[in-house]
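*Asks:* Sending over input18.cif (mmCIF, C-alpha atoms).
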```cif
data_upload
loop_
_atom_site.label_atom_id
_atom_site.label_comp_id
_atom_site.auth_asym_id
_atom_site.auth_seq_id
_atom_site.Cartn_x
_atom_site.Cartn_y
_atom_site.Cartn_z
CA MET L 1 0.00 0.00 0.00
CA GLU L 2 1.30 3.41 -0.89
CA ARG L 3 1.98 5.53 2.15
CA GLY L 4 0.18 8.83 2.48
CA ASN L 5 3.28 10.98 2.15
CA GLN L 6 1.34 13.20 -0.22
CA THR L 7 -1.18 14.12 2.46
CA SER L 8 0.10 17.69 2.57
CA ILE L 9 -1.04 18.36 -1.01
CA PHE L 10 -4.50 16.81 -1.09
CA GLU L 11 -7.83 17.89 0.30
CA PHE L 12 -10.38 16.32 2.57
CA PHE L 13 -14.09 16.59 1.93
CA LEU L 14 -16.41 17.32 4.83
CA TRP L 15 -19.66 15.38 5.01
CA GLY L 16 -21.46 18.57 6.03
CA LEU L 17 -24.74 19.08 7.85
CA SER L 18 -27.20 17.75 5.31
CA GLU L 19 -27.18 15.94 1.98
CA LYS L 20 -30.43 17.59 0.85
CA PRO L 21 -29.87 20.56 -1.52
CA GLU L 22 -33.15 22.23 -0.55
CA GLN L 23 -31.95 22.53 3.06
CA GLN L 24 -28.68 24.30 2.29
CA HIS L 25 -30.11 27.83 2.12
CA ILE L 26 -32.00 27.39 5.40
CA LEU L 27 -28.93 25.92 7.10
CA PHE L 28 -26.76 28.80 5.89
CA LEU L 29 -29.15 31.45 7.24
CA LEU L 30 -29.63 29.58 10.52
CA PHE L 31 -25.90 29.08 11.13
CA LEU L 32 -25.10 32.65 10.08
CA TRP L 33 -27.69 33.98 12.53
CA MET L 34 -26.36 31.79 15.36
CA TYR L 35 -22.77 32.81 14.57
CA VAL L 36 -23.55 36.54 14.62
CA VAL L 37 -25.60 36.28 17.83
CA THR L 38 -22.91 34.16 19.52
CA VAL L 39 -20.08 36.56 18.73
CA THR L 40 -22.15 39.65 19.52
CA GLY L 41 -23.51 38.24 22.80
CA ASN L 42 -20.13 37.13 24.11
CA LEU L 43 -18.52 40.41 23.05
CA LEU L 44 -21.19 42.30 25.00
CA ILE L 45 -20.38 40.22 28.07
CA LEU L 46 -16.67 40.97 27.65
CA LEU L 47 -17.36 44.71 27.27
CA ALA L 48 -19.76 44.78 30.21
CA ILE L 49 -17.27 43.04 32.51
CA GLY L 50 -14.28 45.04 31.28
CA THR L 51 -15.92 48.46 31.60
CA ASP L 52 -17.93 48.06 34.82
CA THR L 53 -15.82 47.97 38.00
CA ARG L 54 -18.69 46.33 39.89
CA LEU L 55 -17.90 43.19 37.91
CA HIS L 56 -14.16 43.16 38.55
CA THR L 57 -14.37 40.05 40.70
CA PRO L 58 -13.00 36.51 40.24
CA MET L 59 -16.37 35.10 39.14
CA TYR L 60 -16.67 37.60 36.30
CA PHE L 61 -12.98 37.31 35.45
CA PHE L 62 -13.57 33.63 34.72
CA LEU L 63 -16.80 34.45 32.87
CA ALA L 64 -14.91 36.92 30.67
CA SER L 65 -12.32 34.22 29.95
CA LEU L 66 -15.12 31.80 29.07
CA SER L 67 -16.78 34.32 26.73
CA SER L 68 -13.53 35.03 24.89
CA THR L 69 -12.94 31.28 24.54
CA GLU L 70 -16.47 30.78 23.21
CA ILE L 71 -15.84 33.39 20.51
CA LEU L 72 -12.59 31.73 19.44
CA PHE L 73 -14.17 28.27 19.62
CA THR L 74 -17.08 29.29 17.38
CA CYS L 75 -14.80 31.11 14.92
CA THR L 76 -12.75 27.93 14.51
CA VAL L 77 -15.69 25.87 13.24
CA VAL L 78 -18.61 27.95 11.96
CA PRO L 79 -17.04 30.25 9.30
CA LYS L 80 -15.63 27.30 7.33
CA ALA L 81 -18.98 25.51 7.58
CA LEU L 82 -20.74 28.65 6.27
CA VAL L 83 -18.32 28.94 3.34
CA ASN L 84 -18.83 25.28 2.43
CA ILE L 85 -22.62 25.61 2.56
CA GLN L 86 -22.66 28.78 0.49
CA THR L 87 -20.19 27.64 -2.17
CA GLN L 88 -21.37 24.01 -2.20
CA SER L 89 -17.70 23.09 -1.86
CA ARG L 90 -16.97 20.72 0.99
CA SER L 91 -13.22 20.67 0.57
CA ILE L 92 -10.64 21.58 3.21
CA SER L 93 -6.89 21.30 2.75
CA TYR L 94 -4.80 18.88 4.79
CA ALA L 95 -2.98 21.75 6.54
CA GLY L 96 -6.24 23.62 7.07
CA CYS L 97 -7.87 20.52 8.53
CA LEU L 98 -5.09 19.90 11.05
CA ALA L 99 -4.98 23.60 11.95
CA GLN L 100 -8.74 23.54 12.57
CA LEU L 101 -8.32 20.38 14.65
CA TYR L 102 -5.63 21.99 16.82
CA PHE L 103 -7.59 25.16 17.55
CA PHE L 104 -10.84 23.24 18.01
CA LEU L 105 -9.21 21.04 20.65
CA THR L 106 -7.49 23.99 22.32
CA PHE L 107 -10.60 26.13 22.72
CA GLY L 108 -12.92 23.18 23.36
CA ASP L 109 -10.73 21.87 26.17
CA MET L 110 -10.38 25.41 27.50
CA ASP L 111 -14.16 25.54 27.84
CA ILE L 112 -14.03 22.38 29.95
CA PHE L 113 -11.24 23.62 32.22
CA LEU L 114 -12.84 27.02 32.69
CA LEU L 115 -16.15 25.47 33.71
CA ALA L 116 -14.28 23.43 36.33
CA THR L 117 -12.43 26.55 37.49
CA MET L 118 -15.69 28.45 37.81
CA ALA L 119 -17.14 25.61 39.89
CA TYR L 120 -14.14 25.86 42.24
CA ASP L 121 -14.68 29.62 42.48
CA ARG L 122 -18.33 29.08 43.50
CA TYR L 123 -17.25 26.42 46.00
CA VAL L 124 -14.82 28.82 47.71
CA ALA L 125 -17.35 31.69 47.64
CA ILE L 126 -20.13 29.65 49.28
CA CYS L 127 -18.26 27.18 51.47
CA HIS L 128 -15.40 29.48 52.60
CA PRO L 129 -16.78 33.03 52.25
CA LEU L 130 -14.53 34.56 54.94
CA HIS L 131 -11.38 33.43 53.11
CA TYR L 132 -12.69 34.06 49.58
CA ARG L 133 -10.72 37.23 48.83
CA MET L 134 -7.50 35.69 50.11
CA ILE L 135 -7.92 32.37 48.24
CA MET L 136 -9.24 33.83 44.98
CA SER L 137 -6.78 36.68 44.64
CA PHE L 138 -6.18 38.30 41.26
CA GLN L 139 -2.76 36.66 41.02
CA ARG L 140 -4.18 33.21 41.76
CA CYS L 141 -7.03 33.66 39.28
CA THR L 142 -4.57 34.71 36.59
CA LEU L 143 -2.35 31.74 37.40
CA MET L 144 -5.31 29.34 37.16
CA VAL L 145 -6.38 30.64 33.75
CA THR L 146 -2.78 30.57 32.50
CA ALA L 147 -2.42 26.97 33.68
CA CYS L 148 -5.64 26.10 31.83
CA TRP L 149 -4.25 27.58 28.58
CA ILE L 150 -0.97 25.68 28.96
CA LEU L 151 -2.74 22.36 29.60
CA THR L 152 -5.14 22.78 26.69
CA ASN L 153 -2.30 23.60 24.29
CA LEU L 154 -0.32 20.56 25.43
CA VAL L 155 -3.34 18.28 24.95
CA ALA L 156 -4.15 19.77 21.53
CA MET L 157 -0.53 19.51 20.36
CA THR L 158 -0.34 15.88 21.48
CA HIS L 159 -3.42 14.88 19.47
CA THR L 160 -2.41 16.98 16.43
CA PHE L 161 1.15 15.62 16.28
CA LEU L 162 -0.17 12.06 16.55
CA MET L 163 -2.45 12.82 13.60
CA PHE L 164 0.62 13.68 11.50
CA ARG L 165 1.76 10.05 11.67
CA LEU L 166 -1.40 8.80 9.97
CA SER L 167 -1.74 8.18 6.24
CA PHE L 168 -4.82 9.08 4.24
CA CYS L 169 -5.27 7.27 0.95
CA SER L 170 -8.40 7.09 -1.18
CA LYS L 171 -11.33 7.61 1.22
CA LYS L 172 -11.09 11.25 2.25
CA ILE L 173 -14.71 12.13 3.11
CA ILE L 174 -14.77 13.17 6.79
CA PRO L 175 -18.13 12.21 8.35
CA ASP L 176 -18.64 15.58 10.06
CA PHE L 177 -18.88 19.29 9.23
CA PHE L 178 -15.46 20.08 10.72
CA CYS L 179 -12.18 18.26 11.39
CA ASP L 180 -12.30 16.28 14.63
CA LEU L 181 -10.28 13.38 15.99
CA GLY L 182 -12.78 10.56 15.60
CA PRO L 183 -13.89 11.36 12.04
CA LEU L 184 -10.29 11.85 10.91
CA MET L 185 -9.24 8.49 12.31
CA LYS L 186 -12.16 6.84 10.50
CA VAL L 187 -10.79 7.94 7.09
CA SER L 188 -7.18 6.97 7.79
CA CYS L 189 -5.73 3.95 5.99
CA SER L 190 -3.00 3.38 8.59
CA ASP L 191 -3.04 1.88 12.08
CA THR L 192 -4.84 4.25 14.47
CA GLN L 193 -4.49 2.16 17.63
CA VAL L 194 -2.07 4.61 19.30
CA ASN L 195 -4.30 7.57 18.44
CA GLU L 196 -7.36 5.76 19.78
CA LEU L 197 -5.63 4.85 23.04
CA VAL L 198 -4.43 8.43 23.55
CA LEU L 199 -7.92 9.72 22.75
CA LEU L 200 -9.44 7.25 25.22
CA PHE L 201 -7.12 8.00 28.14
CA LEU L 202 -6.07 11.61 27.55
CA GLY L 203 -9.38 12.74 26.05
CA GLY L 204 -11.34 10.85 28.67
CA SER L 205 -9.27 12.44 31.43
CA VAL L 206 -9.77 15.93 30.00
CA ILE L 207 -13.55 15.43 30.04
CA LEU L 208 -14.17 13.25 33.09
CA ILE L 209 -11.71 14.70 35.65
CA PRO L 210 -13.05 18.30 35.35
CA PHE L 211 -16.60 16.91 35.29
CA MET L 212 -15.99 14.96 38.50
CA LEU L 213 -14.39 18.02 40.12
CA ILE L 214 -17.48 20.04 39.21
CA LEU L 215 -19.75 17.37 40.71
CA VAL L 216 -17.71 17.27 43.93
CA SER L 217 -17.73 21.07 44.15
CA TYR L 218 -21.50 21.16 43.81
CA ILE L 219 -21.99 18.39 46.37
CA PHE L 220 -20.18 20.57 48.92
CA ILE L 221 -22.01 23.68 47.68
CA VAL L 222 -25.45 22.10 48.01
CA SER L 223 -24.68 20.64 51.44
CA THR L 224 -23.51 24.07 52.61
CA ILE L 225 -26.54 25.88 51.17
CA LEU L 226 -28.97 23.45 52.80
CA ARG L 227 -27.50 24.38 56.19
CA VAL L 228 -28.31 28.07 55.66
CA PRO L 229 -31.21 28.89 58.06
CA SER L 230 -32.75 31.63 55.92
CA ALA L 231 -34.85 30.60 52.91
CA GLN L 232 -33.91 33.87 51.21
CA GLY L 233 -30.23 33.14 51.82
CA ARG L 234 -30.56 29.67 50.31
CA LEU L 235 -32.33 31.09 47.26
CA LYS L 236 -29.63 33.71 46.77
CA ALA L 237 -26.87 31.13 47.05
CA PHE L 238 -28.57 28.80 44.57
CA SER L 239 -29.14 31.67 42.13
CA THR L 240 -25.42 32.47 41.98
CA CYS L 241 -24.75 28.89 40.82
CA GLY L 242 -27.78 28.37 38.58
CA SER L 243 -26.30 29.88 35.42
CA HIS L 244 -23.05 27.95 35.71
CA LEU L 245 -24.84 24.69 36.44
CA ALA L 246 -27.13 25.10 33.42
CA VAL L 247 -24.13 25.59 31.11
CA VAL L 248 -22.33 22.60 32.66
CA VAL L 249 -25.29 20.28 32.07
CA LEU L 250 -25.78 21.48 28.48
CA PHE L 251 -22.10 21.37 27.51
CA PHE L 252 -20.97 18.18 29.23
CA GLY L 253 -24.11 16.30 28.24
CA THR L 254 -23.38 16.71 24.53
CA VAL L 255 -19.58 16.35 24.85
CA ILE L 256 -19.87 13.07 26.76
CA ARG L 257 -22.36 11.82 24.15
CA ALA L 258 -19.98 12.73 21.32
CA TYR L 259 -16.68 11.44 22.74
CA LEU L 260 -17.37 8.80 25.36
CA CYS L 261 -20.39 6.97 23.91
CA PRO L 262 -19.50 4.64 21.02
CA SER L 263 -21.40 5.06 17.76
CA SER L 264 -21.84 2.86 14.73
CA SER L 265 -21.30 3.82 11.10
CA SER L 266 -25.01 3.85 10.23
CA SER L 267 -26.59 6.95 8.74
CA ASN L 268 -28.80 7.44 11.81
CA SER L 269 -25.75 7.34 14.06
CA LEU L 270 -23.92 9.86 11.86
CA GLU L 271 -26.91 12.19 12.11
CA GLU L 272 -26.94 11.81 15.90
CA ASP L 273 -23.20 12.52 16.08
CA THR L 274 -23.65 15.62 13.90
CA ALA L 275 -26.52 16.83 16.07
CA ALA L 276 -24.39 16.39 19.22
CA ALA L 277 -21.48 18.24 17.55
CA VAL L 278 -23.79 21.12 16.60
CA MET L 279 -24.96 21.35 20.22
CA TYR L 280 -21.52 21.82 21.79
CA THR L 281 -19.87 23.77 18.95
CA VAL L 282 -22.70 26.15 18.01
CA VAL L 283 -25.71 25.99 20.33
CA THR L 284 -23.91 26.08 23.71
CA PRO L 285 -21.77 29.15 22.85
CA LEU L 286 -24.97 30.76 21.54
CA LEU L 287 -26.93 30.12 24.75
CA ASN L 288 -24.18 31.06 27.21
CA PRO L 289 -24.67 34.85 26.95
CA PHE L 290 -28.43 34.46 27.44
CA ILE L 291 -28.06 32.05 30.36
CA TYR L 292 -25.55 34.22 32.20
CA SER L 293 -27.26 37.54 31.47
CA LEU L 294 -30.88 36.51 32.07
CA ARG L 295 -30.16 34.66 35.34
CA ASN L 296 -27.73 37.22 36.76
CA LYS L 297 -28.95 40.54 38.15
CA ASP L 298 -25.47 42.13 38.19
CA MET L 299 -24.83 41.12 34.58
CA LYS L 300 -28.22 42.44 33.44
CA GLY L 301 -27.47 45.75 35.15
CA ALA L 302 -23.99 45.98 33.61
CA LEU L 303 -25.33 45.21 30.13
CA ALA L 304 -28.05 47.84 30.55
CA ARG L 305 -25.49 50.44 31.62
CA LEU L 306 -23.21 49.43 28.74
CA LEU L 307 -25.97 49.82 26.17
CA ARG L 308 -26.92 53.19 27.68
CA GLY L 309 -23.28 54.28 27.65
CA ARG L 310 -23.06 54.56 31.44
CA VAL L 311 -19.95 52.56 32.23
CA PHE L 312 -17.16 52.88 34.78
CA PHE L 313 -13.55 52.77 33.75
CA SER L 314 -11.77 53.46 37.03
CA TRP L 315 -10.62 50.49 39.08
CA GLY L 316 -10.73 52.71 42.16
CA GLN L 317 -14.50 53.12 42.20
#
```
Can you present the structure in this file as structure tokens?

*Replies:*
Amino acid sequence: MERGNQTSIFEFFLWGLSEKPEQQHILFLLFLWMYVVTVTGNLLILLAIGTDTRLHTPMYFFLASLSSTEILFTCTVVPKALVNIQTQSRSISYAGCLAQLYFFLTFGDMDIFLLATMAYDRYVAICHPLHYRMIMSFQRCTLMVTACWILTNLVAMTHTFLMFRLSFCSKKIIPDFFCDLGPLMKVSCSDTQVNELVLLFLGGSVILIPFMLILVSYIFIVSTILRVPSAQGRLKAFSTCGSHLAVVVLFFGTVIRAYLCPSSSSSNSLEEDTAAAVMYTVVTPLLNPFIYSLRNKDMKGALARLLRGRVFFSWGQ
């Protein structure tokens, strides 16, 4: 068998979102609308947090980091999908595919780590309120986010470099609308056992360890809240966690379905995998601004002041 040393000069073809030509126009308009709303909504959150000193706290520092990651995550996947729908060309170059894979893994894993970091922040705020300012100092928050970026880049580089060792021969149709690990391994004509083992252990660890840390954090949070004597105090404590918990359930539910639940090669399974991918790559970043703004009184106030032009730039206020 001829080795795929020519992989750098050929193109892959993405399966896309639908095979039906009559659905392409609707899909383009729908994805364009979701893309614009996602970027605009997360940018508004960034501006509201950056310009209002009332939101210069660790919780909103992590939320700003999450919003910036959501923008980058969406921009990695959706623009190429829009171009392919509009031009009816499903091609993507080998270099472009691996570049998309690297950035997709980086920003996707960053979402996971940030959600875990935000759960830890809520745990400290509710379970250790007297020590919150000391534990969640600006320097420590910055260090935590920096560590998250370093870890995500290491994980993404590991998977991407392992993909370089694979050969791709005749079958180059990727069964997805973007370049991801599983679909790429399916179209390889070389042995993918090492890649699959790394995906199982490293990818599983990246998903399950933060998820378990989030669950443990919320077990302590709930047990602490239930000991609060005031019903109003319990409601206030639950409300500060509600937005984060909603995003965790939505994001991890679809990610676990996509990466940790085996799927067959049937057309129904491919459609289910595509639907799950759409949920965590497009729908979750779209809903995040609404979830955090509609369930958060401080965020709603900051957004209202931002839109009215009444913002605060001084850190001393």

*Asks:* Expand the PyMOL selection byres ((chain L and resi 67) around 10) into the individual residues it matches in the shown file, reporting them as a list in words.

*Replies:*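 Written out, the selection comes to Thr38, Val39, Gly41, Asn42, Leu43, Leu44, Ile45, Leu46, Phe61, Phe62, Leu63, Ala64, Ser65, Leu66, Ser68, Thr69, Glu70, Ile71, Leu72, Phe73, Asp111, Pro285, Asn288 and Pro289 of chain L.
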
*Asks:* Kindly extract all protein, DNA and RNA residues lying within 6 Å of the coordinates (-8.3, 26.1, 30.5) given in the file, considering all atoms listed in the file, and supply them as a list in words.

*Replies:*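 Counting all atoms listed in the file, I find these residues within 6 Å of (-8.3, 26.1, 30.5): Met110, Phe113, Leu114, Val145, Cys148, Trp149 and Thr152 of chain L.
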
*Asks:* Convert the output of the PyMOL selection byres ((chain L and resi 203-209) around 9) on the shown file into explicit residues, formatted as a list in words.

*Replies:*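 Selection result, ordered by chain and number: Asp109, Ile112, Phe113, Thr152, Val155, Val198, Leu199, Leu200, Phe201, Leu202, Pro210, Phe211, Met212, Leu213, Ile214, Phe252, Val255, Ile256, Tyr259 and Leu260 of chain L.
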
*Asks:* Which residues fall under the PyMOL selection byres ((chain L and resi 127) around 10) in this file, as a count of residues only?

*Replies:* 18

*Asks:* What's the 9 Å shell around Leu29 in chain L, counting only C-alpha atoms, without same-chain residues fewer than 5 positions away, as an NGL selection string?

*Replies:* :L and (24 or 34 or 82)

*Asks:* For CA of Leu287 in chain L and CA of Thr254 in chain L, quote the distance in Å rounded to one decimal.

*Replies:* 13.9 Å

*Asks:* Pick the closest to Leu47 in chain L from L:Tyr60, L:Asp273, L:Gln193, L:Gly242: which is it, counting all atoms listed in the file?

*Replies:*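 Residue with the minimum atom-to-atom distance to Leu47 in chain L: L:Tyr60.
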
*Asks:* Using only C-alpha atoms, which of L:Met144, L:Met185, L:Ala276, L:Gly50 sits nearest Leu197 in chain L?

*Replies:*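 Ranking L:Met144, L:Met185, L:Ala276, L:Gly50 by distance to Leu197 in chain L, first place goes to L:Met185.
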
*Asks:* Between CA of His25 in chain L and CA of Ile85 in chain L, measure the distance and give it in Å to one decimal.

*Replies:*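 Interatomic distance, CA of His25 in chain L to CA of Ile85 in chain L: 7.8 Å.
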
*Asks:* Take CA of Leu250 in chain L and CA of Cys179 in chain L and report the distance between them in Å, one decimal.

*Replies:* 22.1 Å

*Asks:* Missing atoms in range 239-265 of chain L: can you complete it with N, CA and C atoms, as a JSON list (two decimals), in the coordinates of the input?

*Replies:*
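Okay, this is what ended up in part-v7.json:
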```
[["chain", "number", "residue", "atom", "x", "y", "z"],
["L", 239, "SER", "N", -29.05, 30.85, 43.34],
["L", 239, "SER", "CA", -29.14, 31.67, 42.13],
["L", 239, "SER", "C", -27.76, 32.02, 41.59],
["L", 240, "THR", "N", -26.77, 32.14, 42.47],
["L", 240, "THR", "CA", -25.42, 32.47, 41.98],
["L", 240, "THR", "C", -24.79, 31.29, 41.24],
["L", 241, "CYS", "N", -25.30, 30.09, 41.48],
["L", 241, "CYS", "CA", -24.75, 28.89, 40.82],
["L", 241, "CYS", "C", -25.61, 28.40, 39.66],
["L", 242, "GLY", "N", -26.84, 28.90, 39.57],
["L", 242, "GLY", "CA", -27.78, 28.37, 38.58],
["L", 242, "GLY", "C", -27.30, 28.50, 37.15],
["L", 243, "SER", "N", -26.75, 29.65, 36.79],
["L", 243, "SER", "CA", -26.30, 29.88, 35.42],
["L", 243, "SER", "C", -25.18, 28.92, 35.06],
["L", 244, "HIS", "N", -24.20, 28.82, 35.96],
["L", 244, "HIS", "CA", -23.05, 27.95, 35.71],
["L", 244, "HIS", "C", -23.49, 26.50, 35.59],
["L", 245, "LEU", "N", -24.39, 26.08, 36.45],
["L", 245, "LEU", "CA", -24.84, 24.69, 36.44],
["L", 245, "LEU", "C", -25.60, 24.37, 35.16],
["L", 246, "ALA", "N", -26.39, 25.32, 34.67],
["L", 246, "ALA", "CA", -27.13, 25.10, 33.42],
["L", 246, "ALA", "C", -26.18, 24.90, 32.25],
["L", 247, "VAL", "N", -25.12, 25.72, 32.19],
["L", 247, "VAL", "CA", -24.13, 25.59, 31.11],
["L", 247, "VAL", "C", -23.38, 24.27, 31.22],
["L", 248, "VAL", "N", -23.04, 23.87, 32.45],
["L", 248, "VAL", "CA", -22.33, 22.60, 32.66],
["L", 248, "VAL", "C", -23.15, 21.43, 32.14],
["L", 249, "VAL", "N", -24.43, 21.38, 32.50],
["L", 249, "VAL", "CA", -25.29, 20.28, 32.07],
["L", 249, "VAL", "C", -25.40, 20.25, 30.55],
["L", 250, "LEU", "N", -25.62, 21.41, 29.94],
["L", 250, "LEU", "CA", -25.78, 21.48, 28.48],
["L", 250, "LEU", "C", -24.50, 21.08, 27.76],
["L", 251, "PHE", "N", -23.37, 21.61, 28.20],
["L", 251, "PHE", "CA", -22.10, 21.37, 27.51],
["L", 251, "PHE", "C", -21.61, 19.94, 27.71],
["L", 252, "PHE", "N", -21.53, 19.50, 28.97],
["L", 252, "PHE", "CA", -20.97, 18.18, 29.23],
["L", 252, "PHE", "C", -21.89, 17.07, 28.74],
["L", 253, "GLY", "N", -23.20, 17.31, 28.75],
["L", 253, "GLY", "CA", -24.11, 16.30, 28.24],
["L", 253, "GLY", "C", -23.83, 15.95, 26.79],
["L", 254, "THR", "N", -23.63, 16.96, 25.95],
["L", 254, "THR", "CA", -23.38, 16.71, 24.53],
["L", 254, "THR", "C", -21.94, 16.25, 24.28],
["L", 255, "VAL", "N", -20.98, 16.76, 25.04],
["L", 255, "VAL", "CA", -19.58, 16.35, 24.85],
["L", 255, "VAL", "C", -19.39, 14.88, 25.23],
["L", 256, "ILE", "N", -19.98, 14.47, 26.35],
["L", 256, "ILE", "CA", -19.87, 13.07, 26.76],
["L", 256, "ILE", "C", -20.54, 12.16, 25.73],
["L", 257, "ARG", "N", -21.69, 12.60, 25.20],
["L", 257, "ARG", "CA", -22.36, 11.82, 24.15],
["L", 257, "ARG", "C", -21.47, 11.68, 22.92],
["L", 258, "ALA", "N", -20.77, 12.74, 22.55],
["L", 258, "ALA", "CA", -19.98, 12.73, 21.32],
["L", 258, "ALA", "C", -18.68, 11.93, 21.46],
["L", 259, "TYR", "N", -18.03, 12.01, 22.63],
["L", 259, "TYR", "CA", -16.68, 11.44, 22.74],
["L", 259, "TYR", "C", -16.59, 10.15, 23.55],
["L", 260, "LEU", "N", -17.49, 9.96, 24.48],
["L", 260, "LEU", "CA", -17.37, 8.80, 25.36],
["L", 260, "LEU", "C", -18.41, 7.73, 25.12],
["L", 261, "CYS", "N", -19.39, 7.98, 24.24],
["L", 261, "CYS", "CA", -20.39, 6.97, 23.91],
["L", 261, "CYS", "C", -20.11, 6.45, 22.51],
["L", 262, "PRO", "N", -19.83, 5.17, 22.35],
["L", 262, "PRO", "CA", -19.50, 4.64, 21.02],
["L", 262, "PRO", "C", -20.67, 4.74, 20.07],
["L", 263, "SER", "N", -20.36, 4.96, 18.78],
["L", 263, "SER", "CA", -21.40, 5.06, 17.76],
["L", 263, "SER", "C", -21.04, 4.15, 16.60],
["L", 264, "SER", "N", -22.06, 3.71, 15.90],
["L", 264, "SER", "CA", -21.84, 2.86, 14.73],
["L", 264, "SER", "C", -21.66, 3.72, 13.50],
["L", 265, "SER", "N", -21.51, 3.08, 12.35],
["L", 265, "SER", "CA", -21.30, 3.82, 11.10],
["L", 265, "SER", "C", -22.59, 4.00, 10.32]]
```
